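target-v3.cif follows (mmCIF, C-alpha atoms and all ligand atoms):
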```cif
data_model
#
loop_
_atom_site.label_atom_id
_atom_site.label_comp_id
_atom_site.auth_asym_id
_atom_site.auth_seq_id
_atom_site.Cartn_x
_atom_site.Cartn_y
_atom_site.Cartn_z
CA MET A 217 88.10 -5.89 63.55
CA THR A 218 87.87 -9.37 65.06
CA SER A 219 84.25 -10.47 65.37
CA PRO A 220 81.97 -7.44 65.14
CA ASN A 221 79.07 -6.81 67.51
CA ILE A 222 75.92 -6.95 65.40
CA GLY A 223 72.73 -5.79 67.09
CA VAL A 224 69.22 -6.36 65.83
CA LEU A 225 66.68 -3.82 67.07
CA ALA A 226 64.38 -6.10 69.07
CA LEU A 227 61.34 -3.97 69.85
CA GLN A 228 59.01 -5.57 67.33
CA GLY A 229 59.12 -7.44 64.03
CA ASP A 230 61.17 -10.26 62.52
CA VAL A 231 64.14 -10.05 64.85
CA ARG A 232 64.94 -13.76 65.12
CA GLU A 233 65.30 -14.26 61.36
CA HIS A 234 67.98 -11.54 61.19
CA VAL A 235 69.82 -12.93 64.22
CA GLN A 236 69.83 -16.36 62.56
CA ALA A 237 71.05 -14.97 59.21
CA ILE A 238 73.99 -13.21 60.89
CA GLU A 239 74.82 -16.26 63.01
CA ARG A 240 74.79 -18.50 59.93
CA LEU A 241 77.61 -16.27 58.70
CA GLY A 242 79.59 -17.14 61.84
CA VAL A 243 79.06 -13.83 63.67
CA ARG A 244 77.21 -13.44 66.97
CA ALA A 245 74.15 -11.18 66.94
CA PHE A 246 72.15 -9.85 69.88
CA GLY A 247 68.81 -8.11 70.44
CA VAL A 248 68.91 -4.36 71.11
CA ARG A 249 66.33 -2.84 73.45
CA ARG A 250 68.33 -0.46 75.60
CA SER A 251 70.60 2.48 74.97
CA GLU A 252 73.69 0.67 76.39
CA GLU A 253 73.07 -2.05 73.81
CA VAL A 254 72.98 0.54 71.02
CA ASP A 255 76.36 1.79 72.20
CA ARG A 256 77.82 -1.74 72.02
CA CYS A 257 76.88 -2.15 68.33
CA ASP A 258 79.44 -2.09 65.53
CA GLY A 259 76.45 -2.53 63.20
CA LEU A 260 72.69 -2.40 63.77
CA ILE A 261 69.92 -4.14 61.83
CA VAL A 262 66.46 -2.58 61.90
CA PRO A 263 64.05 -5.38 60.96
CA GLY A 264 60.75 -5.52 59.14
CA GLY A 265 57.56 -5.26 61.15
CA GLU A 266 55.37 -2.21 61.65
CA SER A 267 57.16 1.13 61.59
CA THR A 268 54.43 3.04 63.46
CA THR A 269 54.70 0.65 66.40
CA MET A 270 58.49 0.42 66.22
CA ILE A 271 58.99 4.18 66.46
CA LYS A 272 56.66 4.44 69.48
CA LEU A 273 58.50 1.60 71.23
CA ALA A 274 61.88 3.14 70.34
CA ARG A 275 60.83 6.24 72.25
CA VAL A 276 59.42 4.29 75.20
CA PHE A 277 62.58 2.13 75.47
CA GLY A 278 64.83 5.20 75.21
CA VAL A 279 66.70 4.08 72.08
CA LEU A 280 65.38 6.68 69.61
CA GLU A 281 67.98 9.35 70.35
CA PRO A 282 70.89 6.90 70.89
CA ILE A 283 70.18 5.35 67.47
CA ARG A 284 69.89 8.78 65.84
CA ARG A 285 73.21 9.74 67.40
CA GLY A 286 74.78 6.47 66.31
CA ILE A 287 73.67 6.99 62.71
CA ALA A 288 74.94 10.58 62.75
CA ASP A 289 78.30 9.25 64.02
CA GLY A 290 78.55 6.71 61.17
CA LEU A 291 77.15 3.54 62.77
CA PRO A 292 76.51 1.04 59.96
CA VAL A 293 72.78 0.30 59.80
CA PHE A 294 70.80 -2.17 57.68
CA GLY A 295 67.04 -1.53 57.44
CA THR A 296 64.64 -3.99 55.83
CA CYS A 297 61.04 -3.10 54.91
CA ALA A 298 59.71 -1.29 58.03
CA GLY A 299 63.42 -0.85 58.85
CA MET A 300 63.91 1.03 55.58
CA ILE A 301 61.01 3.31 56.54
CA MET A 302 62.69 3.91 59.91
CA LEU A 303 65.87 5.12 58.19
CA ALA A 304 64.19 7.51 55.73
CA ASP A 305 64.75 11.24 56.02
CA ARG A 306 61.43 11.83 54.22
CA LEU A 307 58.29 9.73 54.48
CA ARG A 308 55.13 9.64 52.36
CA ASP A 309 51.90 7.95 53.46
CA GLY A 310 53.18 7.77 57.02
CA ALA A 311 50.75 7.83 59.94
CA ASP A 312 49.96 11.33 61.25
CA GLY A 313 53.21 12.84 62.55
CA GLN A 314 55.12 9.57 62.09
CA GLU A 315 58.79 10.04 62.97
CA THR A 316 61.80 8.04 61.82
CA PHE A 317 65.41 7.61 62.92
CA GLY A 318 66.39 9.23 59.63
CA GLY A 319 69.85 9.49 58.11
CA LEU A 320 69.04 8.04 54.70
CA ASP A 321 68.72 10.88 52.19
CA ALA A 322 65.68 9.41 50.47
CA THR A 323 61.92 9.76 50.19
CA VAL A 324 60.23 6.50 51.11
CA ARG A 325 56.56 5.79 50.43
CA ARG A 326 55.09 3.50 53.05
CA ASN A 327 52.83 0.58 52.00
CA ALA A 328 53.51 1.66 48.41
CA PHE A 329 53.05 -1.70 46.73
CA GLY A 330 50.48 -2.65 49.34
CA ARG A 331 47.88 -0.35 47.93
CA GLN A 332 47.59 -2.68 44.97
CA VAL A 333 48.67 -5.99 46.47
CA ASP A 334 49.82 -7.05 49.94
CA SER A 335 52.77 -9.19 48.99
CA PHE A 336 54.66 -10.48 45.98
CA GLU A 337 58.02 -11.94 45.02
CA ALA A 338 60.46 -10.93 42.29
CA ASP A 339 63.96 -11.80 41.08
CA LEU A 340 65.96 -8.59 41.20
CA ASP A 341 69.15 -7.67 39.39
CA PHE A 342 71.53 -6.16 41.92
CA THR A 343 74.49 -3.94 41.09
CA LEU A 344 76.47 -5.79 43.80
CA PHE A 345 75.99 -9.38 42.63
CA ASP A 346 76.33 -11.45 39.46
CA ASP A 347 73.12 -13.41 40.04
CA PRO A 348 69.67 -11.99 40.83
CA VAL A 349 68.29 -11.86 44.36
CA HIS A 350 64.94 -13.51 45.02
CA ALA A 351 63.04 -10.84 46.94
CA VAL A 352 59.95 -11.26 49.13
CA PHE A 353 57.87 -8.08 49.52
CA ILE A 354 55.26 -7.79 52.30
CA ARG A 355 53.24 -4.55 52.46
CA ALA A 356 56.44 -3.03 51.24
CA PRO A 357 57.59 0.55 50.88
CA TRP A 358 59.48 1.84 47.83
CA ILE A 359 61.84 4.74 47.36
CA GLU A 360 60.64 7.63 45.22
CA GLU A 361 63.63 9.92 45.27
CA VAL A 362 67.23 9.75 46.48
CA GLY A 363 69.85 12.34 47.28
CA PRO A 364 73.24 12.50 45.52
CA GLY A 365 75.07 10.34 48.10
CA VAL A 366 72.74 7.39 47.68
CA ASP A 367 73.57 4.46 45.38
CA VAL A 368 70.63 2.58 43.91
CA LEU A 369 71.36 -1.15 44.19
CA ALA A 370 68.13 -2.60 42.78
CA SER A 371 64.76 -1.61 41.35
CA VAL A 372 61.59 -3.43 40.43
CA PRO A 373 60.96 -2.84 36.71
CA ILE A 374 57.44 -1.54 36.09
CA ALA A 375 56.58 -4.59 34.03
CA ASP A 376 57.44 -6.99 36.89
CA GLY A 377 55.78 -5.32 39.85
CA PRO A 378 52.33 -4.21 40.84
CA GLY A 379 51.35 -0.59 41.20
CA SER A 380 52.47 0.77 37.84
CA GLY A 381 49.43 3.02 37.39
CA ASP A 382 50.27 6.06 39.47
CA HIS A 383 54.10 5.81 39.38
CA PRO A 384 55.25 5.29 35.81
CA THR A 385 58.92 4.64 36.67
CA ASP A 386 60.90 1.71 38.03
CA ARG A 387 60.60 1.47 41.77
CA ILE A 388 63.79 1.65 43.79
CA VAL A 389 63.85 -1.13 46.37
CA ALA A 390 67.48 -1.33 47.57
CA VAL A 391 69.97 1.45 48.29
CA GLN A 392 73.25 2.16 50.03
CA GLN A 393 74.45 5.46 51.40
CA GLY A 394 77.91 5.06 52.91
CA PRO A 395 77.48 2.59 55.80
CA MET A 396 73.65 2.55 55.52
CA LEU A 397 71.96 -0.24 53.62
CA ALA A 398 68.21 -0.49 53.06
CA THR A 399 65.88 -2.86 51.24
CA SER A 400 62.10 -2.74 50.70
CA PHE A 401 61.97 -6.51 50.89
CA HIS A 402 62.88 -9.18 53.45
CA PRO A 403 66.27 -10.81 52.74
CA GLU A 404 66.10 -12.52 56.16
CA VAL A 405 63.26 -14.84 55.09
CA ASP A 406 65.38 -16.44 52.38
CA ASP A 407 68.44 -18.72 52.46
CA ASP A 408 70.38 -16.17 50.41
CA LEU A 409 72.83 -14.52 52.79
CA ARG A 410 74.55 -12.21 50.31
CA LEU A 411 73.00 -8.98 51.62
CA HIS A 412 73.79 -9.85 55.24
CA ARG A 413 77.35 -10.70 54.16
CA HIS A 414 77.56 -7.36 52.34
CA PHE A 415 76.44 -5.62 55.53
CA LEU A 416 79.14 -7.44 57.54
CA ASP A 417 81.68 -6.29 54.91
CA ILE A 418 80.52 -2.67 55.43
CA VAL A 419 80.85 -3.08 59.21
CA SER A 420 84.39 -4.44 58.81
CA GLU A 421 85.59 -1.56 56.63
CA PRO A 422 87.78 0.89 58.49
CA LEU A 423 85.87 4.06 59.35
CA GLU A 424 87.97 6.33 57.12
CA THR A 425 87.20 4.33 53.95
CA ARG A 426 83.41 4.19 54.40
N1 LIG B 501 53.87 -1.71 56.18
C1 LIG B 501 54.81 -1.83 57.25
C2 LIG B 501 55.12 -0.48 57.89
O1 LIG B 501 54.63 0.51 57.52
C3 LIG B 501 56.08 -2.49 56.77
C4 LIG B 501 55.82 -3.92 56.40
C5 LIG B 501 56.95 -4.86 56.67
O2 LIG B 501 57.95 -4.53 57.34
N2 LIG B 501 56.80 -6.06 56.19
O3 LIG B 501 55.89 -0.38 58.79
#
```

Would it be possible to restate this file's structure as structure tokens?
Amino acid sequence: MTSPNIGVLALQGDVREHVQAIERLGVRAFGVRRSEEVDRCDGLIVPGGESTTMIKLARVFGVLEPIRRGIADGLPVFGTCAGMIMLADRLRDGADGQETFGGLDATVRRNAFGRQVDSFEADLDFTLFDDPVHAVFIRAPWIEEVGPGVDVLASVPIADGPGSGDHPTDRIVAVQQGPMLATSFHPEVDDDLRLHRHFLDIVSEPLETR
């Protein structure tokens, strides 16, 4: 693939930061608000923001079904924070009847850390990288359970994170399932571009090897 088309879902949330992160890696990125723009994507980033608002706007703008279809057809997708919620097949503590795009075989608890504390930062060991990733969490979800096709990339050890009381296990905060990548935190607010580069590597892999 020459230069891939990277879309950032631009209904709500921290769209610009993701566009800038991708462009700092030398790849053009564009905002996605319409179904034709979904179809142009070789990879789609679903940003942080507010998942309840984002899903309503996705329906209003007519991109909910195109994105679901894209994911089902193997479109690489990177969801951060609210974006991770949007990718979850199963949601806990969602708003009444809250829908998602789905595709990620995981149970995500919304505002999971936020019940104890609104935001915090942690240095996370990642299976993908030699050095830890400095992660910024803002009213963040965590993952409580994953299906067999999901690789856990990083967790917050109980000792390092808030909210240990009711969930006495490490909290999963980064996963990959084939061409889907999701983090509880906001890699786009940091100078560290390794996760965006990893996503571009996924997008560049030939379909049959994903
Ligand atoms: N709590 C938000 C939600 O439920 C996510 C927060 C974020 O993306 N920073 O969508």

Q) atom CA of A:Ile261 and atom CA of A:Ile238, how far apart in Å? A) 10.0 Å

Q: Please identify the residues whose atoms come within 8 Å of ligand LIG 501 (chain B), using only C-alpha atoms and all ligand atoms, and report them as a PyMOL selection string.
A: chain A and resi 229+263-270+296-299+301+310+326-327+330+353-357+401-402

Q. Between atom CA of A:Val279 and atom CA of A:Gln392, what is the distance, to one decimal in Å?
A.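 So the answer is 23.1 Å.
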
Q) Counting all atoms listed in the file, which of A:Gln236, A:Ser420, A:Thr218, A:Thr399 gets nearest to A:Phe294? A)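 Comparing A:Gln236, A:Ser420, A:Thr218, A:Thr399 against A:Phe294, the winner is A:Thr399.
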
Q: Just give me the gap between atom CA of A:Ile287 and atom CA of A:Asn221 in Å, one decimal is fine.
A: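 Between atom CA of A:Ile287 and atom CA of A:Asn221 the gap works out to 15.6 Å.
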
Q. For A:Trp358, which residue among A:Ser335, A:Thr316, A:Ser371, A:Gln393 is the nearest when counting all atoms listed in the file?
A.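 Of all the options, A:Ser371 lies closest to A:Trp358.
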
Q | Neighbour list for A:Pro348 as a list in words, cut-off 12 Å, all atoms listed in the file, skip fewer than 4 positions in-chain | A | Ala338, Asp339, Leu340, Asp341, Phe342, Thr343, Leu344, Leu369, Ala370, Ser371, Val372, Asp408, Arg410 and Leu411 of chain A

Q.
My list of candidates is A:Asp321, A:Asp312, A:Glu252, A:Asp386. Which is closest to A:Asp367 when distances are computed with only C-alpha atoms?
A.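 Residue with the minimum atom-to-atom distance to A:Asp367: A:Asp321.
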
Q: Rank nothing, just name the residue among A:Asp334, A:Asp258, A:Glu360, A:Asp309 nearest to A:Ala390, using all atoms listed in the file.
A: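 Ranking A:Asp334, A:Asp258, A:Glu360, A:Asp309 by distance to A:Ala390, first place goes to A:Glu360.
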
**Q.** A:Leu397, A:Val254, A:Val262, A:Ile283 ranked by distance to A:Asp230, top pick (using all atoms listed in the file)
**A.** A:Val262

**Q.** Closest of A:Ile359, A:Gly290, A:Ala226, A:Glu253 to A:Glu421 - atom-to-atom distances counting all atoms listed in the file
**A.**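 With all atoms listed in the file as the atom set, the closest residue is A:Gly290.
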
(Q) Can you tell me which residues surround A:Leu307 at a distance of at most 7 Å, considering all atoms listed in the file, apart from same-chain residues fewer than 3 positions away, and format the answer as a list in words? (A)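 Contacts, with the query itself left out: Ala304, Gly310, Thr323, Val324 and Arg325 of chain A.
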